[in-house]
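Comments concern the structure below.
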Amino acid sequence: MCLGSVHDQARELGVEILAVDGHGKGFPTDISTRYPQVTPIRLPGASIFQMRAHAMLEARGEIIAVTEDHCRVAADWCRQIIAAHRKWPEAAAVGGVVENGSPGSLWDWAHFIAVNGPSMPPVRNGEHRKVTLQASVSYKRALLPLQFPQRGYMEWMLNQKLRAQGHKLVYDDRIVVFHVQSFTLAEACAIHYHDSRSIAGFRSAEITPAERILRLAMALTVMTPLLVLRSIAPLIEKRRKMEFIVLGLPYFTILAVCRSAGAVAGFIAGEGNSPRQIR
């Protein structure tokens with residue numbers, strides 16, 4: 001789905017596509033004939049954070065764009081990314097908007113909003129403190145690190161560092177991606193737990209022991225209600241799916257509890273094998 005949505009437009013513009021397989025047998029056997037624009041990279045056993053870091057360093061373009069295998073990009077995705085970086089030459093990172101490509105159930109909507117609510121349209125174009133993450137973000141290669149840690153990287157951490165260095169993060173709503181991901185309750189709970197544990201583990205490696213203890217205390221106490229509020233806030237701000245302030249509350253609460261539990265585990269014991277459990 002993802003390659004099918006991006007391949008022809010990339011070929012038309014001369015854009016390289018690096019697709020990374022962390023399973024080892026994730027590519028179709030005829031990938032070279034079906035998608036001649038794609039450079040397949042096989043990294044069996046790698047986490048998504050390691051896969052993206054490897055591809056980021058391998059990419060040759062002046063602009064490096066990132067998306068996920070469960071996303072379908074708009075027909076002008078590549079063109080709009082190039083145009084956005086021309087419009088904002090001072091921007092280190094440009095994020096696009098993310099729409100829900102799996103709108104079939106309340107549960108799928110809750111999962112989407114909890115993860116991508118801030119990046120749903122409408123967004124105000126221009127500079128922001130935070131922008132879209134791995135579903136649809138692009139960077140100027142010249143401003144990226146020359147290497148990443150062995151564990152890989154997370155886009156929110158990279159964006160945070162770029163901003164701390166004085167670089168601009170920009171939203172452009174002409175760049176559109178559809179997030180196509182449907183989980184059962186158990187699958188979604190597991191994904192949110194592992195994602196949060198991974199974040200806590202990555203964060204722990206860069207903070208002091210005192211801050212780690214403080215964040216652990218927050219995860220044990222106030223993190224769950226804060227995450228529920230964070231899920232609801234974009235709905236109020238954007239005036240979209242307002243019914244989910246009520247209908248989504250039980251789902252947001254379940255996911256917030258899972259994320260809090262993951263954070264507790266991550267701040268106590270590190271990320272463990274959680275980065276390899278995320279998809």
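The way I read the labels, and the way they are meant: chains A, B, ... in the order of the structure tokens, residue 1 as the first residue of every chain, and ligand 1 as the first ligand shown, with later ones counted on from there.
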>> Env of His128 (chain A): 8 Å cut, atoms = only C-alpha atoms, seq-sep filter 4 positions within chain, self excluded. Answer as a ChimeraX atom specification.
In response: /A:168-171
Please write the residues from the selection above to a file, keeping N, CA and C atoms, as a PDB file, in the first residue's frame.
```
ATOM      1  N   LYS A 168      14.201  25.861  12.866  1.00  0.00           N
ATOM      2  CA  LYS A 168      12.750  25.985  12.834  1.00  0.00           C
ATOM      3  C   LYS A 168      12.086  24.661  12.437  1.00  0.00           C
ATOM      4  N   LEU A 169      10.939  24.389  13.063  1.00  0.00           N
ATOM      5  CA  LEU A 169      10.071  23.280  12.690  1.00  0.00           C
ATOM      6  C   LEU A 169       8.799  23.890  12.110  1.00  0.00           C
ATOM      7  N   VAL A 170       8.369  23.378  10.959  1.00  0.00           N
ATOM      8  CA  VAL A 170       7.279  24.010  10.218  1.00  0.00           C
ATOM      9  C   VAL A 170       6.209  22.980   9.872  1.00  0.00           C
ATOM     10  N   TYR A 171       4.964  23.401   9.933  1.00  0.00           N
ATOM     11  CA  TYR A 171       3.840  22.616   9.425  1.00  0.00           C
ATOM     12  C   TYR A 171       3.444  23.138   8.042  1.00  0.00           C
TER      13      TYR A 171
END
```
Each residue of region 207-277 of chain A with at least one atom at most 12 Å from region 145-151 of chain A should appear once, together with its nearest atom pair and the corresponding distance in Å (one decimal); atoms considered: only C-alpha atoms; ordering: chain, then increasing residue number; output as CSV.
```
residue,atom,partner,partner_atom,distance
A:Gly270,CA,A:Arg151,CA,11.9
A:Glu271,CA,A:Arg151,CA,10.0
A:Gly272,CA,A:Arg151,CA,11.1
A:Asn273,CA,A:Arg151,CA,11.1
A:Ser274,CA,A:Arg151,CA,11.6
A:Pro275,CA,A:Arg151,CA,8.8
A:Arg276,CA,A:Arg151,CA,10.7
```
>> Which residues are close to region 212-218 of chain A, i.e. within 12 Å by only C-alpha atoms, leaving aside same-chain residues fewer than 3 positions away? Reply as a VMD selection string.
In response: chain A and resid 197 199 to 209 221 to 227 260 to 270
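The gap separating CA of Leu43 (chain A) from CA of Asp8 (chain A) is 25.1 Å, in Å to one decimal.
Reported to one decimal place, the separation of CA of His7 (chain A) from CA of Val38 (chain A) is 7.7 Å.
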Find the nearest atom pair between each residue of region 123-226 of chain A and region 69-89 of chain A for residues within 6 Å, count only C-alpha atoms, give distances in Å to one decimal, sort rows by chain and ascending number, and present the table as a Markdown table.
```
| residue | atom | partner | partner_atom | distance |
| --- | --- | --- | --- | --- |
| A:Ile175 | CA | A:Trp77 | CA | 5.6 |
| A:Val176 | CA | A:Ala74 | CA | 5.5 |
| A:Val177 | CA | A:Val73 | CA | 4.4 |
| A:Phe178 | CA | A:Arg72 | CA | 5.1 |
| A:His179 | CA | A:Cys71 | CA | 4.7 |
| A:Val180 | CA | A:His70 | CA | 5.4 |
```
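Nearest to Glu243 (chain A) of all the residues A:Trp109, A:Val257, A:Lys161, A:Gln37 is A:Trp109, counting only C-alpha atoms.
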> Quick one: residues within 8 Å of Ala65 (chain A), only C-alpha atoms counted, chain neighbours fewer than 5 positions away excluded, as a ChimeraX atom specification?
Replying inline: /A:81,136-139
>> Let's see if you can do this: from backbone DSSP, list all alpha helix (DSSP H) residues in region 71-276 of chain A, as a VMD selection string.
In response: chain A and resid 77 to 87 106 to 116 155 to 164 185 to 204 209 to 221 223 to 238 244 to 247 249 to 269
>> What's the separation between CA of Tyr193 (chain A) and CA of Ile278 (chain A), in Å to one decimal place?
In response: 9.4 Å
> Using only C-alpha atoms, which of A:Phe112, A:Asp173, A:Ala142, A:Ile191 sits nearest Phe252 (chain A)?
Replying inline: A:Phe112
> Among region 97-215 of chain A, which ones does DSSP place in strand (DSSP E or B), written as a list in words?
Replying inline: Val97, Val98, Glu99, Asn100, Gly126, Glu127, His128, Val137, Ser138, Tyr139, Lys140, Lys168, Leu169, Val170, Tyr171, Asp172, Asp173, Arg174, Ile175, Val176, Val177, Phe178 and His179 of chain A
Deliver the residues from the most recent selection as a file, using C-alpha atoms, as a CSV table (one decimal), in the first residue's frame.
```csv
chain,number,residue,atom,x,y,z
A,97,VAL,CA,-1.1,16.6,8.2
A,98,VAL,CA,-2.3,13.1,8.9
A,99,GLU,CA,-5.8,11.8,8.2
A,100,ASN,CA,-7.3,8.6,9.6
A,126,GLY,CA,4.2,27.9,9.5
A,127,GLU,CA,6.6,27.5,12.5
A,128,HIS,CA,5.5,25.4,15.5
A,137,VAL,CA,8.0,14.5,8.3
A,138,SER,CA,10.9,15.6,6.2
A,139,TYR,CA,14.3,17.1,7.0
A,140,LYS,CA,17.1,19.1,5.4
A,168,LYS,CA,12.7,26.0,12.8
A,169,LEU,CA,10.1,23.3,12.7
A,170,VAL,CA,7.3,24.0,10.2
A,171,TYR,CA,3.8,22.6,9.4
A,172,ASP,CA,2.5,22.6,5.9
A,173,ASP,CA,-1.0,21.2,5.4
A,174,ARG,CA,-0.5,20.6,1.7
A,175,ILE,CA,1.5,17.5,2.6
A,176,VAL,CA,-1.1,14.8,3.4
A,177,VAL,CA,-0.8,11.2,4.6
A,178,PHE,CA,-3.5,8.7,5.5
A,179,HIS,CA,-2.7,6.6,8.5
```
I'd like a table as a tab-separated table: residues in region 160-275 of chain A with an atom no more than 10 Å from region 113-123 of chain A, each row giving the shortest atom pair and its distance in Å to one decimal, only C-alpha atoms counted, sorted by chain and rising residue number.
```
residue	atom	partner	partner_atom	distance
A:Tyr171	CA	A:Val123	CA	7.3
A:Asp172	CA	A:Val123	CA	7.9
A:Asp173	CA	A:Val123	CA	6.6
A:Val176	CA	A:Pro121	CA	9.2
A:Val177	CA	A:Met120	CA	9.9
A:His179	CA	A:Asn116	CA	8.7
A:His192	CA	A:Val115	CA	9.1
A:Leu227	CA	A:Ala114	CA	8.4
A:Val228	CA	A:Ala114	CA	8.3
A:Leu229	CA	A:Ala114	CA	9.9
A:Arg230	CA	A:Ala114	CA	7.8
A:Ser231	CA	A:Ala114	CA	5.0
A:Ile232	CA	A:Ala114	CA	8.2
A:Ala233	CA	A:Pro118	CA	8.4
A:Pro234	CA	A:Pro118	CA	5.5
A:Leu235	CA	A:Gly117	CA	7.3
A:Glu237	CA	A:Pro118	CA	9.1
A:Lys238	CA	A:Pro122	CA	6.2
A:Arg239	CA	A:Pro122	CA	9.0
A:Arg240	CA	A:Pro121	CA	8.7
A:Lys241	CA	A:Ile113	CA	9.4
A:Phe244	CA	A:Ile113	CA	9.2
A:Gly248	CA	A:Ile113	CA	9.2
A:Tyr251	CA	A:Ala114	CA	9.2
A:Phe252	CA	A:Ala114	CA	6.8
A:Leu255	CA	A:Ala114	CA	8.0
A:Ala256	CA	A:Ala114	CA	8.7
```
Dump of N, CA and C atoms for the selected residues, as a short mmCIF file (atom, residue, chain, number, x, y, z; two decimals), in the first residue's frame:
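Written out: again_19.cif:
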```cif
data_model
loop_
_atom_site.label_atom_id
_atom_site.label_comp_id
_atom_site.auth_asym_id
_atom_site.auth_seq_id
_atom_site.Cartn_x
_atom_site.Cartn_y
_atom_site.Cartn_z
N TYR A 171 4.96 23.40 9.93
CA TYR A 171 3.84 22.62 9.42
C TYR A 171 3.44 23.14 8.04
N ASP A 172 3.06 22.21 7.16
CA ASP A 172 2.51 22.57 5.85
C ASP A 172 1.38 21.60 5.55
N ASP A 173 0.14 22.10 5.51
CA ASP A 173 -1.01 21.21 5.37
C ASP A 173 -1.25 20.73 3.94
N VAL A 176 -0.02 15.59 2.75
CA VAL A 176 -1.08 14.78 3.37
C VAL A 176 -0.73 13.30 3.33
N VAL A 177 -0.96 12.64 4.46
CA VAL A 177 -0.77 11.19 4.59
C VAL A 177 -2.00 10.61 5.27
N HIS A 179 -3.22 7.54 7.59
CA HIS A 179 -2.70 6.56 8.54
C HIS A 179 -3.67 5.38 8.58
N HIS A 192 0.82 0.46 22.53
CA HIS A 192 0.97 1.68 23.31
C HIS A 192 1.89 1.45 24.51
N LEU A 227 -2.40 12.23 29.92
CA LEU A 227 -2.48 11.67 28.58
C LEU A 227 -3.91 11.69 28.05
N VAL A 228 -4.87 11.46 28.92
CA VAL A 228 -6.28 11.55 28.49
C VAL A 228 -6.59 12.97 28.03
N LEU A 229 -6.15 13.94 28.80
CA LEU A 229 -6.36 15.35 28.41
C LEU A 229 -5.65 15.67 27.11
N ARG A 230 -4.46 15.10 26.92
CA ARG A 230 -3.71 15.35 25.68
C ARG A 230 -4.43 14.77 24.48
N SER A 231 -5.15 13.67 24.67
CA SER A 231 -5.92 13.09 23.57
C SER A 231 -7.13 13.95 23.21
N ILE A 232 -7.72 14.55 24.22
CA ILE A 232 -8.94 15.34 24.01
C ILE A 232 -8.61 16.74 23.48
N ALA A 233 -7.49 17.30 23.89
CA ALA A 233 -7.17 18.69 23.55
C ALA A 233 -7.22 19.00 22.05
N PRO A 234 -6.66 18.15 21.15
CA PRO A 234 -6.71 18.48 19.72
C PRO A 234 -8.15 18.52 19.18
N LEU A 235 -9.04 17.72 19.75
CA LEU A 235 -10.43 17.73 19.29
C LEU A 235 -11.07 19.08 19.57
N GLU A 237 -9.38 21.94 20.10
CA GLU A 237 -8.66 22.96 19.34
C GLU A 237 -9.08 22.99 17.88
N LYS A 238 -9.27 21.81 17.28
CA LYS A 238 -9.54 21.72 15.84
C LYS A 238 -11.03 21.68 15.51
N ARG A 239 -11.87 21.52 16.55
CA ARG A 239 -13.32 21.40 16.36
C ARG A 239 -13.64 20.22 15.43
N ARG A 240 -12.93 19.12 15.63
CA ARG A 240 -13.17 17.90 14.84
C ARG A 240 -13.46 16.73 15.77
N LYS A 241 -14.35 15.85 15.34
CA LYS A 241 -14.69 14.65 16.10
C LYS A 241 -14.98 15.00 17.56
N PHE A 244 -16.01 12.61 20.36
CA PHE A 244 -15.06 11.72 21.00
C PHE A 244 -14.59 12.25 22.36
N GLY A 248 -14.97 8.77 23.21
CA GLY A 248 -13.62 8.25 23.23
C GLY A 248 -13.00 8.16 24.61
N TYR A 251 -11.84 4.74 25.88
CA TYR A 251 -10.72 4.24 25.08
C TYR A 251 -9.44 5.01 25.38
N PHE A 252 -9.56 6.34 25.45
CA PHE A 252 -8.39 7.15 25.77
C PHE A 252 -7.83 6.76 27.15
N LEU A 255 -5.88 3.39 26.90
CA LEU A 255 -4.57 3.59 26.27
C LEU A 255 -3.63 4.37 27.18
N ALA A 256 -4.16 5.34 27.91
CA ALA A 256 -3.32 6.12 28.82
C ALA A 256 -2.77 5.26 29.94
#
```
>> as a PyMOL selection string, please: the residues near Arg163 (chain A) (cut-off 10 Å, only C-alpha atoms, same-chain neighbours under 5 positions excluded).
In response: chain A and resi 91-93+128-130+157-158+168-169
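The nearest approach to Leu185 (chain A) among the residues A:Cys258, A:Val20, A:Ile63, A:Ile48, with only C-alpha atoms taken into account, belongs to A:Cys258.
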